$ cat coords35.txt   # compact mmCIF, N, CA and C atoms
# COMPACT_ATOMS: atom_id res chain seq x y z
N MET O 1 141.42 -56.27 20.21
CA MET O 1 142.79 -56.35 19.82
C MET O 1 142.96 -57.19 18.55
N ASP O 2 142.12 -58.18 18.36
CA ASP O 2 142.21 -59.01 17.16
C ASP O 2 142.08 -58.17 15.89
N GLU O 3 141.22 -57.16 15.96
CA GLU O 3 141.03 -56.29 14.80
C GLU O 3 142.33 -55.53 14.48
N LYS O 4 143.03 -55.09 15.52
CA LYS O 4 144.30 -54.40 15.33
C LYS O 4 145.35 -55.34 14.73
N ILE O 5 145.39 -56.56 15.21
CA ILE O 5 146.34 -57.56 14.70
C ILE O 5 146.05 -57.84 13.22
N GLU O 6 144.78 -57.98 12.87
CA GLU O 6 144.41 -58.23 11.48
C GLU O 6 144.82 -57.05 10.58
N LYS O 7 144.58 -55.84 11.06
CA LYS O 7 144.92 -54.65 10.29
C LYS O 7 146.43 -54.56 10.08
N LEU O 8 147.20 -54.82 11.14
CA LEU O 8 148.65 -54.77 11.03
C LEU O 8 149.18 -55.89 10.13
N THR O 9 148.55 -57.04 10.19
CA THR O 9 148.95 -58.15 9.32
C THR O 9 148.77 -57.75 7.86
N ALA O 10 147.66 -57.12 7.54
CA ALA O 10 147.42 -56.67 6.17
C ALA O 10 148.46 -55.63 5.75
N GLU O 11 148.84 -54.76 6.65
CA GLU O 11 149.86 -53.76 6.34
C GLU O 11 151.21 -54.41 6.07
N LEU O 12 151.55 -55.41 6.87
CA LEU O 12 152.81 -56.12 6.66
C LEU O 12 152.80 -56.86 5.32
N LEU O 13 151.69 -57.48 4.99
CA LEU O 13 151.59 -58.18 3.70
C LEU O 13 151.72 -57.22 2.53
N ALA O 14 151.20 -56.02 2.67
CA ALA O 14 151.33 -55.02 1.61
C ALA O 14 152.79 -54.59 1.46
N LYS O 15 153.50 -54.52 2.57
CA LYS O 15 154.90 -54.10 2.56
C LYS O 15 155.82 -55.25 2.12
N ASN O 16 155.43 -56.50 2.42
CA ASN O 16 156.27 -57.65 2.14
C ASN O 16 155.44 -58.77 1.51
N PRO O 17 155.24 -58.72 0.21
CA PRO O 17 154.41 -59.73 -0.46
C PRO O 17 155.06 -61.12 -0.50
N GLN O 18 156.30 -61.25 -0.06
CA GLN O 18 156.96 -62.55 -0.02
C GLN O 18 156.44 -63.42 1.13
N MET O 19 155.74 -62.83 2.07
CA MET O 19 155.24 -63.57 3.24
C MET O 19 153.86 -64.14 2.99
N SER O 20 153.61 -65.26 3.64
CA SER O 20 152.26 -65.80 3.64
C SER O 20 151.45 -65.06 4.71
N VAL O 21 150.16 -65.21 4.67
CA VAL O 21 149.29 -64.57 5.66
C VAL O 21 149.62 -65.08 7.06
N GLY O 22 149.80 -66.39 7.19
CA GLY O 22 150.10 -66.97 8.50
C GLY O 22 151.42 -66.48 9.07
N ARG O 23 152.43 -66.40 8.22
CA ARG O 23 153.75 -65.94 8.66
C ARG O 23 153.70 -64.47 9.06
N ALA O 24 152.98 -63.67 8.31
CA ALA O 24 152.85 -62.25 8.63
C ALA O 24 152.15 -62.08 9.99
N ARG O 25 151.12 -62.88 10.22
CA ARG O 25 150.42 -62.78 11.51
C ARG O 25 151.33 -63.18 12.66
N VAL O 26 152.13 -64.22 12.47
CA VAL O 26 153.08 -64.62 13.52
C VAL O 26 154.04 -63.48 13.82
N TRP O 27 154.54 -62.81 12.79
CA TRP O 27 155.43 -61.68 13.00
C TRP O 27 154.76 -60.57 13.81
N ILE O 28 153.54 -60.24 13.42
CA ILE O 28 152.83 -59.17 14.13
C ILE O 28 152.63 -59.54 15.59
N GLU O 29 152.21 -60.76 15.84
CA GLU O 29 151.99 -61.20 17.23
C GLU O 29 153.29 -61.20 18.02
N LEU O 30 154.40 -61.62 17.38
CA LEU O 30 155.69 -61.61 18.07
C LEU O 30 156.14 -60.18 18.38
N LEU O 31 156.04 -59.30 17.41
CA LEU O 31 156.44 -57.92 17.65
C LEU O 31 155.61 -57.29 18.76
N TRP O 32 154.30 -57.55 18.71
CA TRP O 32 153.38 -56.99 19.70
C TRP O 32 153.73 -57.49 21.11
N SER O 33 153.81 -58.80 21.26
CA SER O 33 154.05 -59.37 22.59
C SER O 33 155.45 -59.08 23.09
N ASP O 34 156.43 -59.05 22.19
CA ASP O 34 157.80 -58.76 22.60
C ASP O 34 157.91 -57.34 23.14
N PHE O 35 157.27 -56.39 22.46
CA PHE O 35 157.30 -55.01 22.95
C PHE O 35 156.63 -54.90 24.31
N GLU O 36 155.45 -55.48 24.44
CA GLU O 36 154.71 -55.34 25.70
C GLU O 36 155.44 -56.03 26.85
N SER O 37 156.00 -57.21 26.61
CA SER O 37 156.68 -57.90 27.70
C SER O 37 158.00 -57.22 28.07
N THR O 38 158.71 -56.71 27.09
CA THR O 38 159.95 -55.99 27.37
C THR O 38 159.67 -54.71 28.15
N SER O 39 158.62 -54.01 27.79
CA SER O 39 158.25 -52.79 28.51
C SER O 39 157.87 -53.10 29.95
N ALA O 40 157.11 -54.17 30.13
CA ALA O 40 156.68 -54.55 31.48
C ALA O 40 157.89 -54.96 32.33
N LYS O 41 158.81 -55.72 31.77
CA LYS O 41 160.00 -56.14 32.51
C LYS O 41 160.87 -54.95 32.89
N ALA O 42 160.85 -53.93 32.05
CA ALA O 42 161.63 -52.72 32.32
C ALA O 42 160.95 -51.82 33.34
N GLY O 43 159.72 -52.16 33.72
CA GLY O 43 159.02 -51.40 34.75
C GLY O 43 158.19 -50.24 34.24
N TYR O 44 158.00 -50.16 32.93
CA TYR O 44 157.19 -49.07 32.38
C TYR O 44 155.70 -49.34 32.59
N ASN O 45 154.93 -48.30 32.77
CA ASN O 45 153.48 -48.43 32.87
C ASN O 45 152.92 -48.85 31.52
N TYR O 46 151.85 -49.61 31.55
CA TYR O 46 151.20 -50.05 30.31
C TYR O 46 150.58 -48.83 29.63
N ARG O 47 150.91 -48.64 28.36
CA ARG O 47 150.44 -47.46 27.63
C ARG O 47 149.23 -47.74 26.76
N GLY O 48 148.81 -48.97 26.68
CA GLY O 48 147.61 -49.30 25.94
C GLY O 48 147.88 -49.90 24.57
N ALA O 49 146.83 -50.50 24.03
CA ALA O 49 146.93 -51.18 22.74
C ALA O 49 147.19 -50.20 21.60
N ASP O 50 146.65 -49.00 21.68
CA ASP O 50 146.88 -48.02 20.62
C ASP O 50 148.35 -47.65 20.50
N TYR O 51 149.02 -47.51 21.63
CA TYR O 51 150.44 -47.19 21.63
C TYR O 51 151.24 -48.33 20.99
N THR O 52 150.93 -49.57 21.40
CA THR O 52 151.63 -50.73 20.84
C THR O 52 151.35 -50.86 19.35
N GLU O 53 150.11 -50.62 18.94
CA GLU O 53 149.76 -50.67 17.53
C GLU O 53 150.60 -49.68 16.72
N ASN O 54 150.75 -48.47 17.22
CA ASN O 54 151.54 -47.46 16.52
C ASN O 54 153.01 -47.86 16.43
N LEU O 55 153.53 -48.44 17.50
CA LEU O 55 154.92 -48.88 17.48
C LEU O 55 155.13 -49.99 16.45
N VAL O 56 154.24 -50.98 16.44
CA VAL O 56 154.36 -52.08 15.47
C VAL O 56 154.21 -51.53 14.06
N ARG O 57 153.34 -50.58 13.87
CA ARG O 57 153.17 -49.96 12.55
C ARG O 57 154.48 -49.29 12.10
N GLN O 58 155.17 -48.63 13.02
CA GLN O 58 156.45 -48.02 12.69
C GLN O 58 157.48 -49.07 12.30
N LEU O 59 157.48 -50.19 13.01
CA LEU O 59 158.40 -51.28 12.68
C LEU O 59 158.10 -51.85 11.30
N ILE O 60 156.83 -51.99 10.97
CA ILE O 60 156.44 -52.47 9.64
C ILE O 60 156.93 -51.50 8.58
N SER O 61 156.73 -50.23 8.83
CA SER O 61 157.14 -49.20 7.86
C SER O 61 158.65 -49.24 7.63
N SER O 62 159.41 -49.41 8.69
CA SER O 62 160.87 -49.38 8.59
C SER O 62 161.47 -50.70 8.13
N TYR O 63 160.93 -51.82 8.60
CA TYR O 63 161.59 -53.10 8.39
C TYR O 63 160.72 -54.18 7.77
N GLY O 64 159.49 -53.86 7.44
CA GLY O 64 158.54 -54.87 6.97
C GLY O 64 159.00 -55.65 5.76
N ASP O 65 159.68 -54.99 4.85
CA ASP O 65 160.11 -55.68 3.64
C ASP O 65 161.33 -56.57 3.86
N LYS O 66 161.93 -56.50 5.07
CA LYS O 66 163.12 -57.28 5.38
C LYS O 66 162.90 -58.35 6.44
N LEU O 67 161.72 -58.41 7.03
CA LEU O 67 161.49 -59.31 8.15
C LEU O 67 161.72 -60.78 7.80
N HIS O 68 161.36 -61.18 6.60
CA HIS O 68 161.53 -62.58 6.22
C HIS O 68 163.01 -62.99 6.23
N ALA O 69 163.91 -62.07 5.95
CA ALA O 69 165.34 -62.35 5.95
C ALA O 69 165.92 -62.36 7.37
N PHE O 70 165.33 -61.61 8.27
CA PHE O 70 165.81 -61.48 9.64
C PHE O 70 165.70 -62.79 10.42
N ALA O 71 164.66 -63.53 10.22
CA ALA O 71 164.37 -64.71 11.02
C ALA O 71 165.51 -65.71 11.01
N GLY O 72 166.11 -65.94 9.87
CA GLY O 72 167.16 -66.93 9.77
C GLY O 72 168.44 -66.54 10.50
N ARG O 73 168.63 -65.27 10.74
CA ARG O 73 169.85 -64.80 11.40
C ARG O 73 169.69 -64.62 12.90
N ASN O 74 168.50 -64.71 13.43
CA ASN O 74 168.29 -64.49 14.84
C ASN O 74 167.75 -65.76 15.49
N PRO O 75 168.56 -66.41 16.32
CA PRO O 75 168.13 -67.70 16.92
C PRO O 75 166.90 -67.58 17.81
N LYS O 76 166.62 -66.39 18.32
CA LYS O 76 165.44 -66.21 19.16
C LYS O 76 164.16 -66.47 18.37
N TYR O 77 164.17 -66.10 17.09
CA TYR O 77 162.98 -66.21 16.26
C TYR O 77 163.07 -67.31 15.20
N ALA O 78 164.25 -67.79 14.92
CA ALA O 78 164.44 -68.73 13.80
C ALA O 78 163.52 -69.95 13.91
N HIS O 79 163.42 -70.54 15.10
CA HIS O 79 162.60 -71.75 15.23
C HIS O 79 161.11 -71.45 15.06
N LEU O 80 160.69 -70.22 15.31
CA LEU O 80 159.29 -69.86 15.15
C LEU O 80 158.95 -69.47 13.72
N LEU O 81 159.94 -68.97 13.02
CA LEU O 81 159.67 -68.39 11.70
C LEU O 81 160.36 -69.11 10.55
N ASP O 82 161.06 -70.19 10.83
CA ASP O 82 161.71 -70.93 9.76
C ASP O 82 160.69 -71.83 9.10
N ALA O 83 160.02 -71.29 8.14
CA ALA O 83 158.98 -72.05 7.44
C ALA O 83 159.01 -71.68 5.97
N SER O 84 160.11 -72.05 5.31
CA SER O 84 160.26 -71.69 3.92
C SER O 84 159.16 -72.30 3.05
N ASP O 85 158.51 -73.33 3.54
CA ASP O 85 157.44 -73.96 2.78
C ASP O 85 156.17 -73.11 2.71
N ASP O 86 156.06 -72.08 3.57
CA ASP O 86 154.85 -71.26 3.47
C ASP O 86 155.14 -69.87 2.93
N MET O 87 156.31 -69.66 2.42
CA MET O 87 156.63 -68.39 1.78
C MET O 87 156.10 -68.40 0.36
N VAL O 88 155.60 -67.30 -0.10
CA VAL O 88 155.10 -67.18 -1.46
C VAL O 88 156.31 -67.19 -2.39
N GLN O 89 156.26 -67.99 -3.41
CA GLN O 89 157.40 -68.09 -4.36
C GLN O 89 157.11 -67.30 -5.61

$ encode --input "coords35.txt" --output "structure tokens"
Amino acid sequence: MDEKIEKLTAELLAKNPQMSVGRARVWIELLWSDFESTSAKAGYNYRGADYTENLVRQLISSYGDKLHAFAGRNPKYAHLLDASDDMVQ
């Protein structure tokens, strides 16, 4: 799974060069775990890492260039992602 996370992190960085490597990885891990935990709480069967990877890839494609702006507006993620000191200027 680490290989998938690394690959998705690189894709997010390509889509959003304003992010640092560390911040992009945090986003990927949050998206990954949030999807899997939400699915499990909803009672869905586990569909596997490939399914989750494809879903996160779709999110990157649709919203990757805007993720850095989202963190400040959502209190669920703001404390985890409020790190303006590690954003590329």

$ atom_distance --input "coords35.txt" --atom1 "atom N of Ala42 (chain O)" --atom2 "atom N of Leu30 (chain O)"
17.8 Å

$ closest_residue --input "coords35.txt" --among "O:Ala24, O:Leu31, O:Ala69, O:Met19" --to "Thr52 (chain O)" --atoms "all atoms listed in the file"
O:Leu31

$ closest_residue --input "coords35.txt" --among "O:Asn45, O:Phe35, O:Arg25, O:Lys66" --to "Leu8 (chain O)" --atoms "only N, CA and C atoms"
O:Arg25

$ closest_residue --input "coords35.txt" --among "O:Thr9, O:Thr38, O:Asn54, O:Ser61" --to "Arg23 (chain O)" --atoms "all atoms listed in the file"
O:Thr9

$ residues_near_point --input "coords35.txt" --point "(157.1, -56.3, 13.6)" --cutoff "7 Å" --atoms "only C-alpha atoms" --output "PyMOL selection string"
chain O and resi 27-28+31+56+59-60+64

$ write_last_selection --input "coords35.txt" --atoms "N, CA and C atoms" --output "CSV table (one decimal), in the coordinates of the input"
chain,number,residue,atom,x,y,z
O,27,TRP,N,154.5,-62.8,12.8
O,27,TRP,CA,155.4,-61.7,13.0
O,27,TRP,C,154.8,-60.6,13.8
O,28,ILE,N,153.5,-60.2,13.4
O,28,ILE,CA,152.8,-59.2,14.1
O,28,ILE,C,152.6,-59.5,15.6
O,31,LEU,N,156.0,-59.3,17.4
O,31,LEU,CA,156.4,-57.9,17.6
O,31,LEU,C,155.6,-57.3,18.8
O,56,VAL,N,154.2,-51.0,16.4
O,56,VAL,CA,154.4,-52.1,15.5
O,56,VAL,C,154.2,-51.5,14.1
O,59,LEU,N,157.5,-50.2,13.0
O,59,LEU,CA,158.4,-51.3,12.7
O,59,LEU,C,158.1,-51.8,11.3
O,60,ILE,N,156.8,-52.0,11.0
O,60,ILE,CA,156.4,-52.5,9.6
O,60,ILE,C,156.9,-51.5,8.6
O,64,GLY,N,159.5,-53.9,7.4
O,64,GLY,CA,158.5,-54.9,7.0
O,64,GLY,C,159.0,-55.6,5.8

$ atom_distance --input "coords35.txt" --atom1 "CA of Arg57 (chain O)" --atom2 "CA of Gly43 (chain O)"
23.0 Å

$ atom_distance --input "coords35.txt" --atom1 "CA of Leu12 (chain O)" --atom2 "CA of Leu55 (chain O)"
13.2 Å

$ residues_around --input "coords35.txt" --residues "Ala10 (chain O)" --least-positions-apart "4" --cutoff "8 Å" --atoms "all atoms listed in the file" --output "list of chain:residue names"
O:Lys4, O:Ile5, O:Glu6, O:Ala14, O:Lys15, O:Asn16, O:Val21, O:Ala24, O:Arg25

$ closest_residue --input "coords35.txt" --among "O:Gly22, O:Lys7, O:Leu13, O:Tyr51" --to "Ser39 (chain O)" --atoms "only C-alpha atoms"
O:Tyr51
